[in-house]
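Undergrad: Structure file structure06.txt (compact mmCIF, N, CA and C atoms) right here:
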```
# COMPACT_ATOMS: atom_id res chain seq x y z
N MET O 477 118.09 182.81 204.08
CA MET O 477 119.41 182.71 203.49
C MET O 477 119.36 181.74 202.31
N PRO O 478 119.97 182.09 201.21
CA PRO O 478 120.02 181.16 200.07
C PRO O 478 120.82 179.90 200.43
N ASN O 479 120.55 178.85 199.70
CA ASN O 479 121.26 177.58 199.85
C ASN O 479 121.69 177.08 198.49
N VAL O 480 122.69 176.22 198.48
CA VAL O 480 123.03 175.49 197.27
C VAL O 480 122.79 174.02 197.57
N ILE O 481 122.09 173.37 196.66
CA ILE O 481 121.75 171.96 196.78
C ILE O 481 122.61 171.20 195.77
N PHE O 482 123.28 170.16 196.23
CA PHE O 482 124.09 169.32 195.37
C PHE O 482 123.56 167.90 195.40
N VAL O 483 123.54 167.26 194.24
CA VAL O 483 123.26 165.83 194.15
C VAL O 483 124.28 165.24 193.19
N VAL O 484 124.99 164.22 193.64
CA VAL O 484 125.94 163.51 192.79
C VAL O 484 125.32 162.15 192.49
N LEU O 485 125.17 161.86 191.19
CA LEU O 485 124.48 160.65 190.75
C LEU O 485 125.32 159.89 189.73
N PRO O 486 125.09 158.58 189.61
CA PRO O 486 125.90 157.77 188.71
C PRO O 486 125.51 157.86 187.24
N ASP O 487 124.37 158.45 186.89
CA ASP O 487 124.01 158.49 185.47
C ASP O 487 123.17 159.72 185.12
N LEU O 488 123.23 160.09 183.85
CA LEU O 488 122.55 161.29 183.37
C LEU O 488 121.03 161.15 183.42
N GLU O 489 120.52 159.98 183.12
CA GLU O 489 119.07 159.78 183.09
C GLU O 489 118.44 160.09 184.46
N THR O 490 119.02 159.57 185.52
CA THR O 490 118.52 159.84 186.86
C THR O 490 118.66 161.32 187.20
N CYS O 491 119.75 161.92 186.78
CA CYS O 491 119.99 163.33 187.05
C CYS O 491 118.92 164.21 186.39
N GLN O 492 118.53 163.88 185.19
CA GLN O 492 117.48 164.64 184.51
C GLN O 492 116.14 164.47 185.23
N GLY O 493 115.87 163.28 185.76
CA GLY O 493 114.66 163.05 186.53
C GLY O 493 114.64 163.88 187.81
N VAL O 494 115.78 163.97 188.47
CA VAL O 494 115.88 164.78 189.69
C VAL O 494 115.66 166.25 189.35
N LEU O 495 116.25 166.72 188.26
CA LEU O 495 116.06 168.11 187.86
C LEU O 495 114.58 168.41 187.60
N ARG O 496 113.87 167.50 186.93
CA ARG O 496 112.43 167.70 186.70
C ARG O 496 111.67 167.73 188.03
N ALA O 497 112.04 166.85 188.96
CA ALA O 497 111.39 166.81 190.28
C ALA O 497 111.66 168.11 191.04
N TRP O 498 112.87 168.63 190.94
CA TRP O 498 113.19 169.91 191.58
C TRP O 498 112.32 171.03 191.04
N GLN O 499 112.18 171.07 189.73
CA GLN O 499 111.37 172.12 189.11
C GLN O 499 109.93 172.04 189.58
N ALA O 500 109.42 170.83 189.79
CA ALA O 500 108.04 170.64 190.25
C ALA O 500 107.81 171.20 191.66
N VAL O 501 108.88 171.29 192.46
CA VAL O 501 108.73 171.83 193.82
C VAL O 501 109.29 173.24 193.97
N GLY O 502 109.55 173.91 192.84
CA GLY O 502 109.90 175.32 192.90
C GLY O 502 111.33 175.71 192.64
N VAL O 503 112.20 174.76 192.33
CA VAL O 503 113.57 175.12 191.98
C VAL O 503 113.55 175.59 190.53
N PRO O 504 113.86 176.86 190.27
CA PRO O 504 113.68 177.38 188.92
C PRO O 504 114.64 176.83 187.87
N THR O 505 115.84 176.48 188.28
CA THR O 505 116.84 176.01 187.32
C THR O 505 117.90 175.20 188.05
N GLY O 506 118.70 174.50 187.31
CA GLY O 506 119.80 173.73 187.89
C GLY O 506 120.88 173.54 186.85
N THR O 507 122.03 173.08 187.29
CA THR O 507 123.17 172.85 186.40
C THR O 507 123.62 171.41 186.57
N ILE O 508 123.91 170.75 185.44
CA ILE O 508 124.42 169.39 185.45
C ILE O 508 125.87 169.42 184.96
N LEU O 509 126.76 168.85 185.76
CA LEU O 509 128.18 168.78 185.40
C LEU O 509 128.62 167.32 185.35
N ASP O 510 129.52 166.99 184.42
CA ASP O 510 130.19 165.70 184.47
C ASP O 510 131.18 165.77 185.62
N SER O 511 131.31 164.69 186.37
CA SER O 511 132.25 164.69 187.49
C SER O 511 132.74 163.27 187.73
N MET O 512 133.84 163.17 188.47
CA MET O 512 134.39 161.87 188.80
C MET O 512 135.07 161.96 190.15
N GLY O 513 134.76 161.04 191.03
CA GLY O 513 135.38 161.01 192.35
C GLY O 513 136.70 160.29 192.33
N LEU O 514 137.47 160.50 193.37
CA LEU O 514 138.77 159.83 193.47
C LEU O 514 138.64 158.32 193.54
N HIS O 515 137.54 157.84 194.12
CA HIS O 515 137.32 156.39 194.20
C HIS O 515 137.27 155.78 192.79
N GLU O 516 136.58 156.45 191.87
CA GLU O 516 136.48 155.93 190.50
C GLU O 516 137.85 155.92 189.82
N LEU O 517 138.63 156.98 190.05
CA LEU O 517 139.96 157.02 189.45
C LEU O 517 140.84 155.89 189.99
N LYS O 518 140.75 155.63 191.28
CA LYS O 518 141.54 154.54 191.86
C LYS O 518 141.07 153.19 191.35
N GLN O 519 139.75 153.04 191.11
CA GLN O 519 139.22 151.79 190.57
C GLN O 519 139.77 151.53 189.18
N GLN O 520 140.14 152.58 188.47
CA GLN O 520 140.71 152.44 187.13
C GLN O 520 142.20 152.14 187.16
N GLY O 521 142.73 151.97 188.38
CA GLY O 521 144.14 151.63 188.49
C GLY O 521 145.07 152.82 188.55
N ARG O 522 144.54 154.00 188.72
CA ARG O 522 145.37 155.20 188.79
C ARG O 522 145.78 155.42 190.23
N ASP O 523 147.07 155.33 190.50
CA ASP O 523 147.54 155.64 191.85
C ASP O 523 148.46 156.86 191.83
N ASP O 524 148.57 157.48 190.67
CA ASP O 524 149.42 158.67 190.52
C ASP O 524 148.57 159.93 190.43
N LEU O 525 147.55 160.01 191.26
CA LEU O 525 146.59 161.11 191.16
C LEU O 525 147.25 162.43 191.51
N PRO O 526 147.17 163.39 190.58
CA PRO O 526 147.69 164.71 190.90
C PRO O 526 146.76 165.41 191.91
N LEU O 527 147.30 166.39 192.60
CA LEU O 527 146.50 167.13 193.57
C LEU O 527 145.32 167.81 192.89
N PHE O 528 145.54 168.38 191.73
CA PHE O 528 144.48 169.04 190.96
C PHE O 528 144.45 168.45 189.56
N PRO O 529 143.77 167.33 189.37
CA PRO O 529 143.75 166.72 188.04
C PRO O 529 143.02 167.62 187.04
N SER O 530 143.49 167.61 185.81
CA SER O 530 142.84 168.43 184.79
C SER O 530 141.54 167.77 184.36
N MET O 531 140.63 168.58 183.84
CA MET O 531 139.36 168.04 183.34
C MET O 531 139.62 167.01 182.25
N ARG O 532 140.58 167.24 181.39
CA ARG O 532 140.87 166.30 180.32
C ARG O 532 141.28 164.95 180.92
N ASN O 533 142.11 164.95 181.95
CA ASN O 533 142.52 163.70 182.59
C ASN O 533 141.33 162.99 183.21
N LEU O 534 140.45 163.74 183.85
CA LEU O 534 139.30 163.14 184.50
C LEU O 534 138.33 162.54 183.49
N LEU O 535 138.11 163.25 182.38
CA LEU O 535 137.09 162.84 181.42
C LEU O 535 137.61 161.89 180.35
N ALA O 536 138.90 161.64 180.33
CA ALA O 536 139.47 160.76 179.31
C ALA O 536 139.17 159.29 179.59
N HIS O 537 138.63 159.00 180.73
CA HIS O 537 138.35 157.62 181.11
C HIS O 537 136.88 157.32 180.90
N GLU O 538 136.35 156.46 181.71
CA GLU O 538 134.95 156.06 181.58
C GLU O 538 134.01 157.25 181.72
N THR O 539 132.75 157.02 181.33
CA THR O 539 131.75 158.06 181.49
C THR O 539 131.67 158.47 182.95
N PRO O 540 131.82 159.75 183.22
CA PRO O 540 131.81 160.19 184.61
C PRO O 540 130.42 160.18 185.22
N GLN O 541 130.38 160.32 186.52
CA GLN O 541 129.10 160.51 187.19
C GLN O 541 128.63 161.93 186.92
N ARG O 542 127.47 162.26 187.41
CA ARG O 542 126.92 163.59 187.18
C ARG O 542 126.71 164.30 188.51
N THR O 543 126.96 165.60 188.52
CA THR O 543 126.69 166.44 189.68
C THR O 543 125.67 167.49 189.26
N LEU O 544 124.57 167.51 189.96
CA LEU O 544 123.50 168.48 189.73
C LEU O 544 123.53 169.44 190.90
N PHE O 545 123.46 170.75 190.60
CA PHE O 545 123.38 171.71 191.69
C PHE O 545 122.51 172.89 191.31
N ALA O 546 121.98 173.54 192.33
CA ALA O 546 121.15 174.73 192.15
C ALA O 546 121.28 175.61 193.37
N VAL O 547 121.40 176.92 193.14
CA VAL O 547 121.35 177.90 194.21
C VAL O 547 119.92 178.37 194.29
N VAL O 548 119.33 178.29 195.49
CA VAL O 548 117.93 178.65 195.66
C VAL O 548 117.77 179.67 196.79
N GLY O 549 116.75 180.48 196.68
CA GLY O 549 116.45 181.47 197.70
C GLY O 549 115.60 180.91 198.81
N ASP O 550 115.23 181.78 199.74
CA ASP O 550 114.45 181.39 200.92
C ASP O 550 113.08 180.83 200.57
N GLU O 551 112.56 181.20 199.41
CA GLU O 551 111.21 180.77 199.07
C GLU O 551 111.12 179.29 198.71
N VAL O 552 112.25 178.63 198.49
CA VAL O 552 112.27 177.21 198.15
C VAL O 552 112.39 176.39 199.43
N ASP O 553 111.48 175.44 199.60
CA ASP O 553 111.46 174.56 200.77
C ASP O 553 112.45 173.42 200.54
N ILE O 554 113.57 173.47 201.25
CA ILE O 554 114.64 172.48 201.07
C ILE O 554 114.16 171.07 201.37
N ASP O 555 113.32 170.91 202.39
CA ASP O 555 112.81 169.58 202.72
C ASP O 555 112.00 169.00 201.56
N LYS O 556 111.24 169.84 200.85
CA LYS O 556 110.49 169.37 199.68
C LYS O 556 111.44 168.97 198.55
N VAL O 557 112.52 169.72 198.39
CA VAL O 557 113.50 169.39 197.35
C VAL O 557 114.15 168.04 197.65
N ILE O 558 114.50 167.82 198.90
CA ILE O 558 115.11 166.54 199.29
C ILE O 558 114.13 165.39 199.07
N ALA O 559 112.88 165.58 199.50
CA ALA O 559 111.85 164.54 199.31
C ALA O 559 111.62 164.26 197.83
N ALA O 560 111.58 165.30 197.01
CA ALA O 560 111.39 165.12 195.57
C ALA O 560 112.56 164.36 194.96
N SER O 561 113.76 164.65 195.43
CA SER O 561 114.96 163.95 194.95
C SER O 561 114.89 162.47 195.29
N GLU O 562 114.45 162.16 196.53
CA GLU O 562 114.38 160.76 196.95
C GLU O 562 113.24 160.00 196.28
N LYS O 563 112.23 160.70 195.78
CA LYS O 563 111.20 160.00 195.00
C LYS O 563 111.77 159.46 193.70
N VAL O 564 112.75 160.17 193.15
CA VAL O 564 113.38 159.74 191.90
C VAL O 564 114.47 158.71 192.17
N VAL O 565 115.33 158.99 193.13
CA VAL O 565 116.53 158.19 193.37
C VAL O 565 116.25 157.01 194.30
N GLY O 566 115.32 157.19 195.22
CA GLY O 566 115.16 156.26 196.32
C GLY O 566 115.98 156.79 197.48
N SER O 567 116.22 155.99 198.47
CA SER O 567 116.99 156.44 199.62
C SER O 567 118.45 156.65 199.23
N PHE O 568 118.98 157.80 199.61
CA PHE O 568 120.40 158.05 199.38
C PHE O 568 121.27 157.20 200.31
N ASP O 569 120.66 156.53 201.27
CA ASP O 569 121.41 155.64 202.16
C ASP O 569 121.71 154.30 201.49
N ALA O 570 121.04 153.99 200.38
CA ALA O 570 121.29 152.74 199.67
C ALA O 570 122.64 152.82 198.95
N PRO O 571 123.34 151.69 198.83
CA PRO O 571 124.63 151.69 198.13
C PRO O 571 124.49 152.17 196.68
N ASN O 572 125.46 152.92 196.23
CA ASN O 572 125.55 153.40 194.84
C ASN O 572 124.36 154.23 194.40
N SER O 573 123.66 154.85 195.33
CA SER O 573 122.50 155.67 194.96
C SER O 573 122.88 157.11 194.68
N GLY O 574 124.00 157.54 195.18
CA GLY O 574 124.41 158.93 195.03
C GLY O 574 124.51 159.60 196.38
N ILE O 575 124.69 160.90 196.35
CA ILE O 575 124.80 161.68 197.58
C ILE O 575 124.10 163.01 197.36
N LEU O 576 123.43 163.48 198.39
CA LEU O 576 122.77 164.79 198.36
C LEU O 576 123.26 165.56 199.57
N PHE O 577 123.61 166.84 199.35
CA PHE O 577 123.95 167.70 200.47
C PHE O 577 123.56 169.14 200.15
N VAL O 578 123.33 169.91 201.19
CA VAL O 578 122.88 171.30 201.08
C VAL O 578 123.83 172.16 201.90
N MET O 579 124.21 173.30 201.33
CA MET O 579 125.09 174.22 202.04
C MET O 579 124.52 175.63 201.98
N PRO O 580 124.69 176.40 203.06
CA PRO O 580 124.24 177.79 203.02
C PRO O 580 125.14 178.61 202.10
N VAL O 581 124.56 179.61 201.48
CA VAL O 581 125.29 180.53 200.60
C VAL O 581 125.28 181.89 201.28
N THR O 582 126.45 182.39 201.62
CA THR O 582 126.50 183.65 202.35
C THR O 582 126.40 184.87 201.44
N HIS O 583 126.84 184.73 200.20
CA HIS O 583 126.76 185.83 199.24
C HIS O 583 126.37 185.27 197.88
N VAL O 584 125.48 185.96 197.22
CA VAL O 584 125.08 185.54 195.87
C VAL O 584 124.68 186.77 195.07
N ARG O 585 125.01 186.77 193.81
CA ARG O 585 124.59 187.82 192.88
C ARG O 585 123.95 187.13 191.69
N GLY O 586 122.90 187.70 191.17
CA GLY O 586 122.27 187.15 189.98
C GLY O 586 121.19 186.13 190.25
N LEU O 587 120.87 185.88 191.51
CA LEU O 587 119.81 184.93 191.84
C LEU O 587 118.48 185.59 191.55
N ARG O 588 117.75 185.03 190.63
CA ARG O 588 116.47 185.61 190.25
C ARG O 588 115.35 184.84 190.90
N ARG O 589 114.52 185.53 191.59
CA ARG O 589 113.40 184.89 192.29
C ARG O 589 112.26 184.67 191.32
N LYS O 590 111.53 183.59 191.55
CA LYS O 590 110.35 183.28 190.76
C LYS O 590 109.29 184.33 191.00
N LYS O 591 108.65 184.79 189.96
CA LYS O 591 107.60 185.82 190.12
C LYS O 591 106.23 185.21 190.02
```
Go through the file and emit its structure as structure tokens.
TA:
Amino acid sequence: MPNVIFVVLPDLETCQGVLRAWQAVGVPTGTILDSMGLHELKQQGRDDLPLFPSMRNLLAHETPQRTLFAVVGDEVDIDKVIAASEKVVGSFDAPNSGILFVMPVTHVRGLRRKK
């Protein structure tokens, strides 16, 4: 079954390193998005958070964190991807290191397998 791997990191430089590490263990591609958690918005003094804040509202403040994700097929060893990520980031259990999680994908179209 395909999976989607997510890593949320505090800076672009680390995110690019994780993407390179993923490619080294067989992840063919990934996507990097700017993102911001509710904790960061509250730290900026915003207590009027809308249920669905617009991207403009989110990005109008400080440089956001980065979210890297990739949908991978069965041929990718998830444990190797996690280990490769931790070689770049260190332990995700450390404060302010980021977060990594994996979710199963029940349906996918357009996933191209490595040949």
Undergrad: Given all atoms listed in the file as the basis, pick out the residue of O:Asp550, O:Leu587, O:Val480, O:Thr507 nearest to Leu495 of chain O.
TA: O:Thr507
Undergrad: For Val557 of chain O, list every protein, DNA or RNA residue within 10 Å, evaluated using only C-alpha atoms, and leave out those in the same chain fewer than 6 positions away; present the list as an MDAnalysis selection string.
TA: chainID O and resid 481 494:495 497:503 563
Undergrad: With only C-alpha atoms as the atoms that count, which of O:Met579, O:Ala559, O:Val548, O:Met512 lies nearest to Pro478 of chain O?
TA: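 Looking only at the distances to Pro478 of chain O, the closest residue turns out to be O:Val548.
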Undergrad: Using only N, CA and C atoms, which of O:Gly493, O:Pro504, O:Pro571, O:Pro486 sits nearest Gly549 of chain O?
TA: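 Using only N, CA and C atoms, the shortest distance to Gly549 of chain O belongs to O:Pro504.
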Undergrad: Figure out the distance between atom CA of Leu485 of chain O and atom CA of Val565 of chain O, please, to one decimal in Å.
TA: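 That distance, rounded to one decimal, is 8.7 Å.
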Undergrad: Just the number, please: distance in Å from atom CA of Gly513 of chain O to atom CA of Gln541 of chain O, one decimal.
TA: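 A separation of 8.1 Å between them.
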